[in-house]
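Source file entry.cif; content: mmCIF, C-alpha atoms.
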```cif
data_entry
#
loop_
_atom_site.label_atom_id
_atom_site.label_comp_id
_atom_site.auth_asym_id
_atom_site.auth_seq_id
_atom_site.Cartn_x
_atom_site.Cartn_y
_atom_site.Cartn_z
CA MET A 1 18.68 18.27 15.85
CA LEU A 2 15.23 17.54 14.48
CA THR A 3 13.44 20.24 12.54
CA LEU A 4 9.67 20.22 12.21
CA GLN A 5 8.50 22.33 9.29
CA PHE A 6 4.86 23.34 9.40
CA ILE A 7 3.26 23.87 6.01
CA PRO A 8 -0.21 25.38 6.13
CA SER A 9 -2.45 23.76 3.57
CA HIS A 10 -3.35 27.11 2.00
CA GLU A 11 0.27 27.35 0.82
CA LEU A 12 -0.33 24.28 -1.31
CA SER A 13 -3.90 24.95 -2.35
CA SER A 14 -2.99 26.86 -5.50
CA LEU A 15 -0.45 24.26 -6.62
CA GLY A 16 -1.07 21.37 -8.97
CA GLU A 17 -0.44 17.81 -7.78
CA GLU A 18 3.11 17.60 -9.16
CA GLU A 19 4.16 20.98 -7.74
CA LYS A 20 2.62 20.16 -4.38
CA ILE A 21 4.49 16.87 -4.15
CA LYS A 22 7.77 18.38 -5.30
CA LYS A 23 7.46 21.08 -2.63
CA LEU A 24 6.78 18.53 0.10
CA LEU A 25 9.63 16.29 -1.04
CA ALA A 26 12.05 19.23 -1.27
CA CYS A 27 11.37 19.97 2.42
CA VAL A 28 11.80 16.31 3.37
CA LYS A 29 15.02 15.96 1.37
CA SER A 30 16.40 18.90 3.37
CA ASN A 31 16.03 16.62 6.42
CA ASN A 32 12.93 18.34 7.77
CA ILE A 33 9.91 16.60 9.19
CA VAL A 34 6.95 18.16 7.44
CA VAL A 35 3.70 18.73 9.28
CA LEU A 36 0.79 19.60 7.01
CA ASP A 37 -2.57 20.63 8.46
CA ALA A 38 -4.52 18.63 5.89
CA ARG A 39 -4.63 15.19 4.38
CA LEU A 40 -3.36 14.45 0.93
CA LYS A 41 -5.84 12.80 -1.37
CA ALA A 42 -5.31 9.07 -1.92
CA GLU A 43 -4.14 9.74 -5.48
CA GLU A 44 -1.68 12.37 -4.21
CA GLU A 45 -0.30 9.90 -1.68
CA ALA A 46 0.28 7.39 -4.49
CA SER A 47 2.01 10.07 -6.56
CA LEU A 48 4.12 11.04 -3.55
CA ILE A 49 5.31 7.44 -3.27
CA LYS A 50 6.02 7.30 -7.02
CA TYR A 51 8.10 10.50 -6.95
CA THR A 52 9.89 9.32 -3.81
CA MET A 53 10.86 6.05 -5.48
CA GLY A 54 12.29 7.99 -8.42
CA MET A 55 14.54 9.98 -6.05
CA ILE A 56 15.95 7.12 -3.97
CA ASN A 57 19.72 6.79 -4.06
CA ASN A 58 22.50 5.88 -1.65
CA LYS A 59 21.80 8.99 0.46
CA PHE A 60 18.04 9.44 0.21
CA LYS A 61 16.31 6.24 1.31
CA GLY A 62 12.73 7.38 1.01
CA ILE A 63 10.12 8.71 3.40
CA GLU A 64 7.97 7.80 6.33
CA ILE A 65 4.47 9.21 6.20
CA ALA A 66 1.38 9.12 8.38
CA THR A 67 -1.96 10.84 8.18
CA ILE A 68 -4.79 11.31 10.61
CA ASN A 69 -8.28 11.91 9.35
CA PRO A 70 -10.73 13.14 11.99
CA SER A 71 -13.71 12.28 9.85
CA ASP A 72 -12.80 8.59 9.69
CA LYS A 73 -14.05 7.09 12.91
CA THR A 74 -13.73 9.43 15.84
CA LEU A 75 -16.52 11.81 14.90
CA GLN A 76 -20.19 11.02 14.94
CA GLY A 77 -23.39 12.80 14.05
CA PHE A 78 -23.29 16.60 13.86
CA ASP A 79 -19.52 16.80 14.51
CA LYS A 80 -18.89 14.56 11.51
CA PHE A 81 -21.29 16.66 9.41
CA ARG A 82 -19.49 19.86 10.49
CA VAL A 83 -16.04 18.50 9.56
CA ASN A 84 -17.27 17.25 6.20
CA LEU A 85 -19.03 20.55 5.47
CA ALA A 86 -15.90 22.54 6.35
CA SER A 87 -13.88 20.20 4.15
CA MET A 88 -16.27 20.77 1.27
CA ILE A 89 -16.32 24.57 1.67
CA LEU A 90 -12.57 24.90 2.15
CA GLY A 91 -11.89 22.42 -0.64
CA ARG A 92 -9.33 20.43 1.29
CA GLU A 93 -9.07 17.16 3.12
CA GLN A 94 -9.37 17.64 6.89
CA GLY A 95 -6.70 16.01 8.98
CA LEU A 96 -2.98 16.02 9.58
CA THR A 97 -0.08 14.67 7.55
CA VAL A 98 3.42 14.04 8.85
CA ILE A 99 6.20 13.24 6.37
CA GLY A 100 9.84 12.72 7.23
CA PRO A 101 13.00 11.33 5.67
CA ALA A 102 13.55 7.61 6.28
CA THR A 103 17.17 8.36 7.18
CA ILE A 104 15.93 10.19 10.30
CA ILE A 105 12.62 8.54 11.09
CA LYS A 106 12.89 4.85 11.81
CA GLU A 107 9.19 4.21 12.06
CA ILE A 108 5.87 5.96 12.38
CA LYS A 109 3.35 4.07 14.46
CA LYS A 110 -0.20 5.10 13.96
CA ASP A 111 -3.44 4.31 15.62
CA PRO A 112 -6.55 6.05 14.41
CA ASN A 113 -6.01 9.05 16.72
CA LYS A 114 -2.30 9.03 17.50
CA ILE A 115 0.98 9.33 15.59
CA GLN A 116 4.25 8.24 17.20
CA LEU A 117 7.57 9.05 15.52
CA PHE A 118 10.55 6.85 16.29
CA THR A 119 13.81 8.42 15.21
CA LYS A 120 17.06 6.68 14.35
CA ARG A 121 19.87 6.88 16.88
CA ARG A 122 22.96 8.50 15.40
CA LYS A 123 26.11 6.33 15.61
CA MET B 1 -10.54 -19.86 3.66
CA ALA B 2 -9.60 -20.91 0.14
CA ILE B 3 -13.28 -21.33 -0.51
CA LYS B 4 -13.98 -17.75 0.56
CA ILE B 5 -11.39 -16.35 -1.85
CA GLY B 6 -12.84 -18.59 -4.53
CA ASP B 7 -16.32 -17.28 -3.67
CA PHE B 8 -15.11 -13.69 -3.95
CA ILE B 9 -13.63 -14.33 -7.37
CA ASN B 10 -16.66 -16.31 -8.55
CA ASN B 11 -19.13 -13.68 -7.36
CA LEU B 12 -17.23 -10.70 -8.61
CA PHE B 13 -16.14 -12.08 -11.89
CA LEU B 14 -19.24 -13.95 -12.93
CA ASN B 15 -21.79 -11.47 -11.63
CA ILE B 16 -20.06 -8.14 -12.20
CA PHE B 17 -17.75 -8.86 -15.10
CA GLY B 18 -19.67 -11.73 -16.68
CA LYS B 19 -19.89 -10.12 -20.11
CA ARG B 20 -16.34 -8.82 -20.32
CA LYS B 21 -13.58 -10.78 -21.96
CA SER B 22 -10.39 -9.45 -20.38
CA ILE B 23 -10.42 -9.15 -16.59
CA LYS B 24 -7.41 -8.33 -14.45
CA LEU B 25 -7.26 -9.48 -10.81
CA GLY B 26 -4.41 -7.72 -9.04
CA LEU B 27 -2.62 -8.73 -5.86
CA TYR B 28 -1.45 -5.66 -3.96
CA GLY B 29 0.12 -5.05 -0.58
CA PRO B 30 3.30 -4.09 1.24
CA PRO B 31 6.52 -6.08 0.67
CA ASN B 32 6.69 -9.58 2.18
CA SER B 33 2.99 -9.80 2.96
CA GLY B 34 2.68 -12.97 0.87
CA LYS B 35 1.25 -11.69 -2.41
CA SER B 36 3.34 -14.04 -4.53
CA SER B 37 2.61 -17.03 -2.30
CA LEU B 38 -1.10 -16.33 -2.67
CA ALA B 39 -0.79 -15.72 -6.43
CA ASN B 40 0.97 -19.07 -6.71
CA LYS B 41 -1.82 -20.80 -4.78
CA ILE B 42 -4.51 -19.26 -7.01
CA CYS B 43 -2.62 -20.22 -10.18
CA GLU B 44 -1.78 -23.69 -8.91
CA ASP B 45 -5.43 -24.29 -8.00
CA TRP B 46 -6.84 -23.19 -11.36
CA LEU B 47 -3.94 -23.69 -13.79
CA GLY B 48 -1.77 -26.25 -12.08
CA GLU B 49 1.35 -24.09 -12.18
CA PRO B 50 2.82 -21.31 -9.98
CA LEU B 51 3.34 -17.68 -11.03
CA SER B 52 6.16 -16.11 -9.04
CA SER B 53 9.25 -16.98 -7.06
CA VAL B 54 9.03 -16.34 -3.31
CA SER B 55 11.69 -15.43 -0.77
CA GLN B 56 12.19 -14.32 2.83
CA ILE B 57 14.08 -11.30 1.48
CA PRO B 58 11.78 -8.31 0.93
CA HIS B 59 11.14 -7.09 -2.62
CA GLU B 60 11.57 -10.53 -4.22
CA THR B 61 8.94 -9.52 -6.80
CA ARG B 62 10.34 -6.45 -8.54
CA GLU B 63 8.44 -6.69 -11.80
CA ILE B 64 4.76 -7.13 -12.58
CA LYS B 65 4.02 -10.85 -13.07
CA LEU B 66 1.06 -11.71 -15.24
CA LYS B 67 -0.62 -15.07 -15.66
CA GLU B 68 -3.21 -15.06 -18.40
CA GLY B 69 -6.02 -17.46 -19.05
CA VAL B 70 -7.15 -18.51 -15.59
CA THR B 71 -10.65 -19.89 -16.13
CA ILE B 72 -13.30 -20.25 -13.45
CA LYS B 73 -16.60 -22.05 -13.84
CA SER B 74 -19.63 -21.72 -11.61
CA ASN B 75 -23.33 -22.45 -12.10
CA GLY B 76 -22.89 -23.11 -15.80
CA LYS B 77 -21.04 -19.82 -16.40
CA SER B 78 -17.35 -19.54 -17.10
CA LEU B 79 -14.96 -16.62 -17.23
CA THR B 80 -11.29 -16.31 -18.08
CA PHE B 81 -9.22 -13.78 -16.19
CA ASN B 82 -5.63 -12.70 -15.70
CA VAL B 83 -3.80 -12.77 -12.36
CA VAL B 84 -1.40 -9.85 -11.81
CA ASP B 85 1.16 -10.24 -9.03
CA THR B 86 2.62 -6.82 -8.21
CA PRO B 87 5.80 -5.69 -6.43
CA GLY B 88 5.19 -4.66 -2.81
CA ILE B 89 4.49 -0.97 -2.32
CA ALA B 90 6.79 0.82 0.12
CA THR B 91 7.65 4.42 0.98
CA LYS B 92 11.33 3.68 1.59
CA ILE B 93 13.92 1.26 0.21
CA ASP B 94 17.34 1.04 1.81
CA TYR B 95 19.84 -1.28 0.14
CA THR B 96 21.58 -1.83 3.47
CA ASP B 97 18.49 -3.71 4.66
CA PHE B 98 19.30 -6.39 2.08
CA LEU B 99 22.85 -6.79 3.42
CA LYS B 100 21.32 -8.39 6.53
CA PHE B 101 20.25 -11.26 4.26
CA LYS B 102 23.88 -11.83 3.25
CA LEU B 103 23.56 -10.20 -0.16
CA ASN B 104 26.74 -8.42 -1.22
CA SER B 105 26.68 -4.65 -1.62
CA LYS B 106 26.50 -4.67 -5.43
CA VAL B 107 23.61 -7.14 -5.51
CA ALA B 108 21.82 -5.27 -2.70
CA LYS B 109 22.09 -1.92 -4.54
CA LYS B 110 20.82 -3.52 -7.76
CA ARG B 111 17.91 -5.10 -5.88
CA ALA B 112 17.04 -1.74 -4.29
CA LYS B 113 17.11 0.03 -7.67
CA GLU B 114 14.88 -2.62 -9.22
CA ALA B 115 12.56 -2.46 -6.20
CA THR B 116 12.04 1.31 -6.61
CA LYS B 117 11.05 0.74 -10.25
CA GLY B 118 8.76 -2.08 -9.16
CA VAL B 119 6.89 0.18 -6.73
CA ILE B 120 6.37 2.76 -9.48
CA GLU B 121 5.03 0.04 -11.81
CA SER B 122 2.66 -1.26 -9.13
CA ILE B 123 1.18 2.20 -8.66
CA LYS B 124 0.85 2.75 -12.41
CA TRP B 125 -1.01 -0.56 -12.77
CA LEU B 126 -3.63 0.47 -10.20
CA ASP B 127 -5.58 2.12 -13.03
CA ASP B 128 -5.71 -1.13 -15.00
CA MET B 129 -7.13 -3.44 -12.35
CA ASP B 130 -10.72 -4.69 -12.49
CA ALA B 131 -10.62 -6.19 -8.98
CA VAL B 132 -7.90 -6.38 -6.33
CA VAL B 133 -6.98 -8.70 -3.50
CA VAL B 134 -5.05 -6.63 -0.95
CA VAL B 135 -2.72 -8.98 0.91
CA LEU B 136 -1.70 -7.82 4.39
CA ASP B 137 0.58 -9.49 6.91
CA SER B 138 -1.77 -10.18 9.83
CA THR B 139 1.14 -10.04 12.29
CA LYS B 140 1.82 -6.39 11.42
CA ASN B 141 0.04 -3.13 12.31
CA PRO B 142 -2.69 -2.69 9.67
CA TYR B 143 -2.77 1.11 10.08
CA SER B 144 0.43 1.61 8.08
CA GLN B 145 0.22 4.43 5.57
CA VAL B 146 1.05 2.09 2.68
CA ASN B 147 -2.02 -0.01 3.47
CA LEU B 148 -4.21 3.08 3.76
CA THR B 149 -2.83 4.51 0.52
CA ILE B 150 -3.40 1.31 -1.45
CA ILE B 151 -6.94 0.83 -0.16
CA GLY B 152 -7.72 4.56 -0.45
CA ASN B 153 -6.64 4.55 -4.09
CA LEU B 154 -8.74 1.49 -4.88
CA ALA B 155 -11.74 3.08 -3.16
CA ALA B 156 -11.23 6.30 -5.16
CA ARG B 157 -11.22 4.22 -8.35
CA LYS B 158 -14.25 2.21 -7.16
CA THR B 159 -12.28 -1.00 -7.71
CA PRO B 160 -13.80 -4.05 -5.95
CA VAL B 161 -11.51 -5.11 -3.09
CA LEU B 162 -11.05 -8.18 -0.93
CA ILE B 163 -8.60 -7.83 1.96
CA VAL B 164 -6.68 -10.95 2.89
CA GLY B 165 -4.95 -11.18 6.27
CA ASN B 166 -2.12 -13.58 5.51
CA LYS B 167 0.16 -15.56 7.86
CA ILE B 168 -2.61 -16.55 10.29
CA ASP B 169 -0.52 -19.59 11.21
CA LEU B 170 1.85 -17.29 13.14
CA LYS B 171 1.30 -16.60 16.85
CA LYS B 172 1.23 -12.80 16.48
CA ALA B 173 -1.45 -12.90 13.78
CA ASN B 174 -4.42 -10.62 14.50
CA VAL B 175 -7.05 -10.62 11.77
CA LYS B 176 -9.53 -8.82 14.05
CA LYS B 177 -7.24 -5.78 14.09
CA ILE B 178 -7.34 -5.69 10.29
CA GLN B 179 -11.13 -5.93 10.46
CA SER B 180 -11.32 -3.00 12.86
CA ALA B 181 -8.98 -0.94 10.65
CA PHE B 182 -11.07 -1.58 7.54
CA PRO B 183 -14.61 -2.29 8.80
CA GLN B 184 -16.23 -1.59 5.43
CA TYR B 185 -14.38 -4.47 3.70
CA ASN B 186 -14.61 -8.24 3.72
CA ILE B 187 -11.54 -9.66 5.45
CA VAL B 188 -10.38 -13.22 4.93
CA GLY B 189 -7.68 -14.77 7.11
CA VAL B 190 -5.38 -17.25 5.34
CA SER B 191 -2.02 -18.89 5.53
CA ALA B 192 -0.81 -18.96 1.94
CA LEU B 193 2.01 -21.32 2.92
CA ASN B 194 -0.28 -23.80 4.68
CA TRP B 195 -3.25 -23.71 2.32
#
```
Structure rendered as structure tokens:
Amino acid sequence: MLTLQFIPSHELSSLGEEEKIKKLLACVKSNNIVVLDARLKAEEEASLIKYTMGMINNKFKGIEIATINPSDKTLQGFDKFRVNLASMILGREQGLTVIGPATIIKEIKKDPNKIQLFTKRRK
Amino acid sequence: MAIKIGDFINNLFLNIFGKRKSIKLGLYGPPNSGKSSLANKICEDWLGEPLSSVSQIPHETREIKLKEGVTIKSNGKSLTFNVVDTPGIATKIDYTDFLKFKLNSKVAKKRAKEATKGVIESIKWLDDMDAVVVVLDSTKNPYSQVNLTIIGNLAARKTPVLIVGNKIDLKKANVKKIQSAFPQYNIVGVSALNW
């Protein structure tokens, strides 16, 4: 059974970078696929990878992660302005982040507007 | 294509860093994209000797490799810089993947452990780089999160970046896809093995 755990970004907004990453990784290590309604900052993504590497052992093999950022390419003109303004006012990165354990997710394929999760077949 | 990489280094280093004495040029990318092959080509071209060992097995480079004292000269100016070959950045490392390359279990586990430390070192060194060549495998999907994270971190640090699409000698190579993924960057297609 696959479990998707939705984490609203406001739950993380009061946390520092380390706490935020530890919370996300705790969910992933419990074999949940985390869906976050925001993007992590680039520096937070790098820290997430660093913490993940420090946790890898014979059971935990790491993570698969993908993000979609609506302000990247798909929006133009006023729509892009609106997204960026909302991002500035709300103080968070607009978008979507999906993180799952590498023992369950084989691969995440991503195009700019689409995320596909490929899970591992249990033997 | 070698000329274009040379141009990038000449322009950046002589024009932007001309007055500085210690410049670090990092090679970043996912595992097995050809960072070490490219680092070897750069060092062989300017120093006459290679930098790193290369292998078909992912995570061959598990420690930062540094070659100091690479000197370039252009238009009467010269600058000495250091080439930093970094371990490939990954979000997962499974020792069983190495067993497919006929490594025994003990060696595979040791390699995986070293690889995790290598990834951490690569990320730590991001802060120390003056310019970076991001080496991507042009046969692979450029939208991988590792690629986006590396380039996003360099952009956040305002580090000058050149993206190299390596392995253009292979049939599946698609440098245009890399260009469309990162339209704001200069992309150079190369085959580090067939320079």
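Interatomic distance, atom CA of Ser144 of chain B against atom CA of Ala39 of chain B: 22.6 Å.
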Next on the checklist: Between atom CA of Ala131 of chain B and atom CA of Ile57 of chain B, what distance in Å does the model show, to one decimal?
Outcome noted: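 Between atom CA of Ala131 of chain B and atom CA of Ile57 of chain B the gap is 27.3 Å.
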Item to check | Spatial neighbours of Leu96 of chain A, 10 Å, all atoms listed in the file, chain gap at least 3 places, as number ranges by chain | outcome: A: 9, 35-40, 66-70, 93, 115
I need the chain A residues near chain B as a JSON list (two decimals) with C-alpha atoms, in the coordinates of the input; criterion: at most 12 Å, counting all atoms listed in the file.
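Result file result-v7.json:
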```json
[["chain", "number", "residue", "atom", "x", "y", "z"],
["A", 39, "ARG", "CA", -4.63, 15.19, 4.38],
["A", 40, "LEU", "CA", -3.36, 14.45, 0.93],
["A", 41, "LYS", "CA", -5.84, 12.80, -1.37],
["A", 42, "ALA", "CA", -5.31, 9.07, -1.92],
["A", 43, "GLU", "CA", -4.14, 9.74, -5.48],
["A", 44, "GLU", "CA", -1.68, 12.37, -4.21],
["A", 45, "GLU", "CA", -0.30, 9.90, -1.68],
["A", 46, "ALA", "CA", 0.28, 7.39, -4.49],
["A", 47, "SER", "CA", 2.01, 10.07, -6.56],
["A", 48, "LEU", "CA", 4.12, 11.04, -3.55],
["A", 49, "ILE", "CA", 5.31, 7.44, -3.27],
["A", 50, "LYS", "CA", 6.02, 7.30, -7.02],
["A", 51, "TYR", "CA", 8.10, 10.50, -6.95],
["A", 52, "THR", "CA", 9.89, 9.32, -3.81],
["A", 53, "MET", "CA", 10.86, 6.05, -5.48],
["A", 54, "GLY", "CA", 12.29, 7.99, -8.42],
["A", 55, "MET", "CA", 14.54, 9.98, -6.05],
["A", 56, "ILE", "CA", 15.95, 7.12, -3.97],
["A", 57, "ASN", "CA", 19.72, 6.79, -4.06],
["A", 58, "ASN", "CA", 22.50, 5.88, -1.65],
["A", 59, "LYS", "CA", 21.80, 8.99, 0.46],
["A", 60, "PHE", "CA", 18.04, 9.44, 0.21],
["A", 61, "LYS", "CA", 16.31, 6.24, 1.31],
["A", 62, "GLY", "CA", 12.73, 7.38, 1.01],
["A", 63, "ILE", "CA", 10.12, 8.71, 3.40],
["A", 64, "GLU", "CA", 7.97, 7.80, 6.33],
["A", 65, "ILE", "CA", 4.47, 9.21, 6.20],
["A", 66, "ALA", "CA", 1.38, 9.12, 8.38],
["A", 67, "THR", "CA", -1.96, 10.84, 8.18],
["A", 68, "ILE", "CA", -4.79, 11.31, 10.61],
["A", 69, "ASN", "CA", -8.28, 11.91, 9.35],
["A", 72, "ASP", "CA", -12.80, 8.59, 9.69],
["A", 73, "LYS", "CA", -14.05, 7.09, 12.91],
["A", 97, "THR", "CA", -0.08, 14.67, 7.55],
["A", 98, "VAL", "CA", 3.42, 14.04, 8.85],
["A", 99, "ILE", "CA", 6.20, 13.24, 6.37],
["A", 100, "GLY", "CA", 9.84, 12.72, 7.23],
["A", 101, "PRO", "CA", 13.00, 11.33, 5.67],
["A", 102, "ALA", "CA", 13.55, 7.61, 6.28],
["A", 103, "THR", "CA", 17.17, 8.36, 7.18],
["A", 104, "ILE", "CA", 15.93, 10.19, 10.30],
["A", 105, "ILE", "CA", 12.62, 8.54, 11.09],
["A", 106, "LYS", "CA", 12.89, 4.85, 11.81],
["A", 107, "GLU", "CA", 9.19, 4.21, 12.06],
["A", 108, "ILE", "CA", 5.87, 5.96, 12.38],
["A", 109, "LYS", "CA", 3.35, 4.07, 14.46],
["A", 110, "LYS", "CA", -0.20, 5.10, 13.96],
["A", 111, "ASP", "CA", -3.44, 4.31, 15.62],
["A", 112, "PRO", "CA", -6.55, 6.05, 14.41],
["A", 113, "ASN", "CA", -6.01, 9.05, 16.72],
["A", 114, "LYS", "CA", -2.30, 9.03, 17.50],
["A", 115, "ILE", "CA", 0.98, 9.33, 15.59],
["A", 116, "GLN", "CA", 4.25, 8.24, 17.20]]
```
Item to check | Atomic distance atom CA of Glu49 of chain B - atom CA of Gly69 of chain B, expressed in Å with one decimal | outcome: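 Computing it gives 12.1 Å between the two atoms.
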Next on the checklist: Running the PyMOL selection byres ((chain B and resi 169-178) around 12) on this model by hand, what would come out? Give it as a PyMOL selection string.
Outcome noted: (chain A and resi 111-112) or (chain B and resi 134-144+147-148+163-168+179-195)
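If all atoms listed in the file are the atoms counted, then among B:Asp85, B:Gly76, B:Val70, B:Pro30 the closest residue to Ser53 of chain B is B:Asp85.
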Just the residues within 9 Å of Pro58 of chain B, please, counting all atoms listed in the file, with nothing from its chain fewer than 6 positions along; format it as a PDB file with C-alpha atoms, keeping the file's coordinate frame.
```
ATOM      1  CA  PRO B  31       6.520  -6.080   0.670  1.00  0.00           C
ATOM      2  CA  ASN B  32       6.690  -9.580   2.180  1.00  0.00           C
ATOM      3  CA  GLY B  88       5.190  -4.660  -2.810  1.00  0.00           C
ATOM      4  CA  ASP B  97      18.490  -3.710   4.660  1.00  0.00           C
ATOM      5  CA  PHE B  98      19.300  -6.390   2.080  1.00  0.00           C
TER       6      PHE B  98
END
```
Checklist entry - Neighbours of Ser36 of chain B within 10 Å (only C-alpha atoms; same-chain residues fewer than 6 positions away dropped), as a list in words? => result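 The filter keeps Leu27, Tyr28, Ile42, Pro50, Leu51, Ser52, Ser53, Val54, Ser55, Glu60, Thr61, Lys65, Val84, Asp85, Thr86, Pro87, Gly88, Val135 and Ala192 of chain B.
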Next on the checklist: I'd like to know which of A:Ala26, A:Val34, A:Leu15, A:Ile21 is closest to Thr3 of chain A, using only C-alpha atoms.
Outcome noted: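 Closest to Thr3 of chain A, using only C-alpha atoms: A:Val34.
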